[in-house]
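Novice: Following this message is one structure expressed as structure tokens.
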Amino acid sequence: MGVVDRESVTAEERAVDDTVFTWPHMLVRHVVVALGTCATVLALGSRSRPPLRGLANPNLTPEPAKAPWYFAGLQELLSHFDPLIAGILIPTGAVIALLLLPYIDRNPSTIARERKVAIVIFSGLLAIAVVLTVIGTFFRGPGWSFIAPWTHSYIEM
């Protein structure tokens, strides 16, 4: 056991700062904003009438059978590669590349112009994802054939 000087153990006086407690000041404000957001979304949702189709028929698949827009890039990728490669290996590789990005680009700078490796890798993955999603959403029609998006829109929101 060591011996410590008494002067190093004494506490310092804290200056009075402008702080508030989380409860009730901050939490009440967050609840009010959350309730206001929910009320706005509910009002906008009840005001609009989305076009609905008839009852679902399991014997009739609507043409084109497309994934929602957020999966259209993956569906487009599946149309070009084997399902193991397009559905598992490529998305897993992209996620691993993003996870390893801080270790790949070891530059300690926080200025964006000096982080060229990280920006190029992230921008490349983002551009590929956006291009595949746009092609799968707007340029695919019946039979998964290419169509011009201005001739007919097969987008379901």
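Identifiers in this document derive from the order of the structure tokens: chains are assigned A, B, ..., residues are numbered from 1 separately in each chain, and ligands are numbered from 1 in order of occurrence.
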Can you tell me which residues surround stretch 47-63 of chain A at a distance of at most 9 Å, considering only C-alpha atoms, apart from same-chain residues fewer than 5 positions away, and format the answer as a PyMOL selection string?
Specialist: chain A and resi 42+141-143+154
Novice: Run DSSP on the backbone of this structure and report the residues of stretch 32-155 of chain A it assigns to alpha helix (DSSP H), as a PyMOL selection string.
Specialist: chain A and resi 32-47+69-78+83-84+90-104+116-138
Novice: Would you mind reading off the distance between atom CA of A:Ala72 and atom CA of A:Trp150, one decimal, in Å?
Specialist: 18.4 Å
Novice: Determine the nearest neighbour of A:Gly124 from the options A:Asp82, A:Ala94, A:Leu77, A:Trp69, counting only C-alpha atoms.
Specialist: A:Ala94
Novice: Calculate how many Å separate atom CA of A:Val134 from atom CA of A:His80, rounding to one decimal.
Specialist: 15.2 Å
Novice: With only C-alpha atoms as the counted atoms, please give the residues lying no more than 9 Å from stretch 95-112 of chain A, apart from itself and same-chain residues fewer than 4 positions off, as a ChimeraX atom specification.
Specialist: /A:90-91,116-119,121-122,125
Novice: Check the smallest atom-to-atom distance from each of A:Ile155, A:Ala86, A:Leu74, A:Ala67 to A:Phe139 using only C-alpha atoms, then report the winner.
Specialist: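 That would be A:Ile155, the residue with the smallest distance to A:Phe139.
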Novice: Record the distance separating atom CA of A:Gly73 and atom CA of A:Ile128, expressed in Å with one decimal.
Specialist: 8.9 Å
Novice: Taking only C-alpha atoms into account, which of A:Leu78, A:Arg113, A:Phe146, A:Tyr70 comes nearest A:Thr133?
Specialist: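 Comparing A:Leu78, A:Arg113, A:Phe146, A:Tyr70 against A:Thr133, the winner is A:Tyr70.
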Novice: Leaving out A:Trp144 and any residue of its chain fewer than 5 positions from it, which residues lie within 10 Å of it when counting only C-alpha atoms, given as a list in words?
Specialist: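 The residues that qualify are Glu63, Pro64, Ala65, Lys66, Glu76, Ser79, Gly136 and Phe139 of chain A.
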